[in-house]
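Since the structure comes first, as structure tokens, the remarks are kept for the end.
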Amino acid sequence: MKNFNGKILFLDRADINTDEIIPAKYLTESTKTALKPYCLEDLVLEGFDSKRDLAGKQVIVTRSNFGCGSSREHAPWVLECNGINLVIAVNFARIFRQNMFNCGLMAIELPAGTIDELFRDFAGTDAELVCDLDKRTFTITGGGRTRVCEFTIGDFDLALVKAGGWVGYADSKY
């Protein structure tokens with residue numbers, strides 16, 4: 001099972017698509033790790049620089065419809081290669097969300113109001129998240145504040161996450 005704890009990157013925009021997560025021109029790379037330097041390279045967000053802002057982050061908190069666009073496993077792969085195993089958003093594109101779980105990564109959906117509060121209270125701080133998968137909670141600390149959030153995850157998706165992804169799950173079952 002992967003680590004779901006770490007420093008948070010706040011991306012204050014909806015509709016971040018798979019071409020912004022990993023530009024299509026790099027999809028000819030032959031290994032997952034070859035994708036690493038190009039993560040979020042084409043993301044247009046005022047003040048954001050992928051080379052500077054992605055380093056040392058393990059969690060993304062963002063707005064709605066994350067991972068929309070073309071359906072490709074490369075988008076979760078490039079996040080994983082950069083140490084980002086958890087993305088929290090209002091919602092996700094359906095195929096992207098399932099690709100996250102298939103890779104053993106977490107895609108957590110929270111109400112828009114909760115996401116607004118997380119941005120208000122923690123964006124711009126050196127916020128850090130600790131996830132308790134068994135209790136289905138995570139705790140964010142930063143800027144002198146602490147917040148505990150509950151989340152839901154389906155039993156099958158939880159099994160995929162605990163197995164490290166679809167391959168690990170299949171190996172344990174078949």
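All residue names refer to the structure tokens as shown: chains lettered A, B, ... in order, residues numbered from 1 in each chain, ligands numbered from 1 in order.
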
Report task. Would you return as a ChimeraX atom specification the members of segment 77-124 of chain A that DSSP assigns to alpha helix (DSSP H) on this structure's backbone? Result -> /A:77-81,94-102,112-122

Query raised in the report: If we count only C-alpha atoms, what is near Thr125 of chain A at a cut-off of 8 Å, once residues fewer than 3 positions away on the same chain are taken out, given as JSON, numbers by chain?
Result: {"A": [122, 142, 143]}

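Here atom CA of Cys81 of chain A is placed at a distance of 24.5 Å from atom CA of Thr137 of chain A.
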
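Between atom CA of Ala163 of chain A and atom CA of Arg97 of chain A the separation is 16.8 Å.
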
Considering only C-alpha atoms, tabulate each residue of segment 32-125 of chain A that lies at most 7 Å from segment 9-18 of chain A along with its nearest interatomic pair and the corresponding distance in Å to one decimal; arrange the rows by chain and ascending residue number and present them as a tab-separated table.
residue	atom	partner	partner_atom	distance
A:Lys57	CA	A:Leu9	CA	6.0
A:Val59	CA	A:Leu9	CA	6.1
A:Ile60	CA	A:Leu9	CA	4.8
A:Val61	CA	A:Phe10	CA	4.9
A:Thr62	CA	A:Leu11	CA	4.9
A:Arg63	CA	A:Ala14	CA	4.7
A:Ser64	CA	A:Ala14	CA	4.8
A:Asn65	CA	A:Asp15	CA	4.9
A:Phe66	CA	A:Ile16	CA	5.1
A:Gly67	CA	A:Asn17	CA	4.7
A:Cys68	CA	A:Asn17	CA	4.5
A:Gly69	CA	A:Asn17	CA	5.2
A:Ser70	CA	A:Thr18	CA	6.2
A:Ala75	CA	A:Thr18	CA	5.8
A:Ala123	CA	A:Phe10	CA	6.0

With N, CA and C atoms retained, write the just-selected residues as an mmCIF file, in the first residue's frame.
data_model
loop_
_atom_site.group_PDB
_atom_site.id
_atom_site.type_symbol
_atom_site.label_atom_id
_atom_site.label_comp_id
_atom_site.auth_asym_id
_atom_site.auth_seq_id
_atom_site.Cartn_x
_atom_site.Cartn_y
_atom_site.Cartn_z
ATOM 1 N N LYS A 57 5.745 17.811 -2.653
ATOM 2 C CA LYS A 57 4.315 17.670 -2.373
ATOM 3 C C LYS A 57 3.880 16.225 -2.629
ATOM 4 N N VAL A 59 0.292 15.428 -1.891
ATOM 5 C CA VAL A 59 -1.180 15.484 -1.935
ATOM 6 C C VAL A 59 -1.576 16.707 -2.753
ATOM 7 N N ILE A 60 -2.632 16.568 -3.550
ATOM 8 C CA ILE A 60 -3.218 17.709 -4.256
ATOM 9 C C ILE A 60 -4.623 17.925 -3.734
ATOM 10 N N VAL A 61 -4.956 19.181 -3.454
ATOM 11 C CA VAL A 61 -6.337 19.586 -3.174
ATOM 12 C C VAL A 61 -6.720 20.562 -4.275
ATOM 13 N N THR A 62 -7.843 20.303 -4.919
ATOM 14 C CA THR A 62 -8.251 21.102 -6.063
ATOM 15 C C THR A 62 -9.768 21.233 -6.114
ATOM 16 N N ARG A 63 -10.276 21.774 -7.173
ATOM 17 C CA ARG A 63 -11.715 22.040 -7.320
ATOM 18 C C ARG A 63 -12.402 20.866 -8.031
ATOM 19 N N SER A 64 -13.356 21.141 -8.881
ATOM 20 C CA SER A 64 -14.179 20.080 -9.476
ATOM 21 C C SER A 64 -13.637 19.596 -10.824
ATOM 22 N N ASN A 65 -14.085 18.405 -11.195
ATOM 23 C CA ASN A 65 -13.860 17.799 -12.503
ATOM 24 C C ASN A 65 -12.377 17.576 -12.805
ATOM 25 N N PHE A 66 -11.613 17.198 -11.794
ATOM 26 C CA PHE A 66 -10.186 16.944 -11.985
ATOM 27 C C PHE A 66 -10.015 15.707 -12.850
ATOM 28 N N GLY A 67 -9.093 15.770 -13.807
ATOM 29 C CA GLY A 67 -8.800 14.621 -14.663
ATOM 30 C C GLY A 67 -9.729 14.480 -15.844
ATOM 31 N N CYS A 68 -10.437 15.539 -16.195
ATOM 32 C CA CYS A 68 -11.315 15.483 -17.364
ATOM 33 C C CYS A 68 -10.454 15.428 -18.627
ATOM 34 N N GLY A 69 -11.077 15.175 -19.756
ATOM 35 C CA GLY A 69 -10.348 15.117 -21.024
ATOM 36 C C GLY A 69 -10.128 13.686 -21.451
ATOM 37 N N SER A 70 -9.021 13.455 -22.100
ATOM 38 C CA SER A 70 -8.720 12.134 -22.644
ATOM 39 C C SER A 70 -8.530 11.116 -21.519
ATOM 40 N N ALA A 75 -1.918 9.917 -16.805
ATOM 41 C CA ALA A 75 -2.159 11.014 -15.853
ATOM 42 C C ALA A 75 -1.958 10.537 -14.400
ATOM 43 N N ALA A 123 -4.660 26.948 2.219
ATOM 44 C CA ALA A 123 -3.888 27.350 1.039
ATOM 45 C C ALA A 123 -2.971 28.501 1.435
#

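As for atom CA of Ser50 of chain A and atom CA of Glu150 of chain A, they are spaced 29.2 Å apart.
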
Query - Ala112 of chain A surroundings by only C-alpha atoms, 10 Å radius, close-in-sequence under 5 positions cut, as a PyMOL selection string - result: chain A and resi 63-64+89-91+117-118

Requested in this report: DSSP on the backbone, then: every residue of chain A marked strand (DSSP E), written as a PyMOL selection string.
Outcome: chain A and resi 6-11+59-62+86-89+106-109+128-132+137-142+145-150

File of the preceding selection, C-alpha atoms, as a PDB file, in the first residue's frame:
ATOM      1  CA  GLY A   6       2.380  14.532   3.085  1.00  0.00           C
ATOM      2  CA  LYS A   7       2.587  18.160   2.132  1.00  0.00           C
ATOM      3  CA  ILE A   8      -0.299  19.594   0.141  1.00  0.00           C
ATOM      4  CA  LEU A   9      -0.283  21.357  -3.212  1.00  0.00           C
ATOM      5  CA  PHE A  10      -3.407  23.523  -3.578  1.00  0.00           C
ATOM      6  CA  LEU A  11      -4.505  23.982  -7.205  1.00  0.00           C
ATOM      7  CA  VAL A  59      -1.180  15.484  -1.935  1.00  0.00           C
ATOM      8  CA  ILE A  60      -3.218  17.709  -4.256  1.00  0.00           C
ATOM      9  CA  VAL A  61      -6.337  19.586  -3.174  1.00  0.00           C
ATOM     10  CA  THR A  62      -8.251  21.102  -6.063  1.00  0.00           C
ATOM     11  CA  LEU A  86      -3.757  11.325  -3.095  1.00  0.00           C
ATOM     12  CA  VAL A  87      -5.909  13.905  -4.869  1.00  0.00           C
ATOM     13  CA  ILE A  88      -8.849  15.548  -3.103  1.00  0.00           C
ATOM     14  CA  ALA A  89     -11.472  17.339  -5.192  1.00  0.00           C
ATOM     15  CA  MET A 106      -6.640   7.680  -3.863  1.00  0.00           C
ATOM     16  CA  ALA A 107      -9.185  10.050  -5.387  1.00  0.00           C
ATOM     17  CA  ILE A 108     -11.259  11.516  -2.550  1.00  0.00           C
ATOM     18  CA  GLU A 109     -14.406  13.515  -3.227  1.00  0.00           C
ATOM     19  CA  GLU A 128       0.377  18.766   5.701  1.00  0.00           C
ATOM     20  CA  LEU A 129      -2.090  15.880   5.598  1.00  0.00           C
ATOM     21  CA  VAL A 130      -2.153  12.620   7.537  1.00  0.00           C
ATOM     22  CA  CYS A 131      -4.595   9.977   6.259  1.00  0.00           C
ATOM     23  CA  ASP A 132      -6.137   7.218   8.385  1.00  0.00           C
ATOM     24  CA  THR A 137     -10.431  10.301   7.874  1.00  0.00           C
ATOM     25  CA  PHE A 138      -7.600  12.664   7.182  1.00  0.00           C
ATOM     26  CA  THR A 139      -6.166  15.457   9.300  1.00  0.00           C
ATOM     27  CA  ILE A 140      -4.744  18.637   7.827  1.00  0.00           C
ATOM     28  CA  THR A 141      -2.482  20.910   9.838  1.00  0.00           C
ATOM     29  CA  GLY A 142      -1.030  24.213   8.746  1.00  0.00           C
ATOM     30  CA  ARG A 145      -4.977  25.287  12.327  1.00  0.00           C
ATOM     31  CA  THR A 146      -6.025  21.655  12.338  1.00  0.00           C
ATOM     32  CA  ARG A 147      -8.982  20.062  10.579  1.00  0.00           C
ATOM     33  CA  VAL A 148     -10.207  16.468  10.528  1.00  0.00           C
ATOM     34  CA  CYS A 149     -12.303  15.420   7.516  1.00  0.00           C
ATOM     35  CA  GLU A 150     -14.201  12.208   6.950  1.00  0.00           C
TER      36      GLU A 150
END

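Proximity to Asn99 of chain A at 10 Å, evaluated using only C-alpha atoms and with sequence-adjacent residues fewer than 5 positions away removed, yields Gly67, Ser71, Arg72, Glu73, His74, Ala75, Pro76, Trp77, Arg94, Gly104, Leu105, Met106, Ala107, Gly165 and Trp166 of chain A.
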
Since we have the selection now, will you write its residues out, keeping C-alpha atoms, as a CSV table (one decimal), in the first residue's frame?
chain,number,residue,atom,x,y,z
A,67,GLY,CA,-8.8,14.6,-14.7
A,71,SER,CA,-8.9,8.9,-20.8
A,72,ARG,CA,-5.3,7.7,-20.2
A,73,GLU,CA,-3.5,6.0,-17.4
A,74,HIS,CA,-0.5,8.3,-18.0
A,75,ALA,CA,-2.2,11.0,-15.9
A,76,PRO,CA,-2.3,9.0,-12.6
A,77,TRP,CA,1.1,7.5,-13.5
A,94,ARG,CA,-15.1,9.1,-14.1
A,104,GLY,CA,-3.5,2.0,-6.0
A,105,LEU,CA,-3.8,5.8,-5.7
A,106,MET,CA,-6.6,7.7,-3.9
A,107,ALA,CA,-9.2,10.0,-5.4
A,165,GLY,CA,-3.6,-1.3,-7.4
A,166,TRP,CA,-5.4,-3.7,-9.7

**Report entry** Residues within 12 Å of Tyr169 of chain A, only C-alpha atoms, excluding chain neighbours under 2 positions, as a ChimeraX atom specification
**Finding:** /A:1,101-104,156-167,171-174

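Take the candidates A:Gly56, A:Glu46, A:Asn3, A:Ile21 and check each one against Ala127 of chain A using only C-alpha atoms; the shortest distance goes to A:Gly56.
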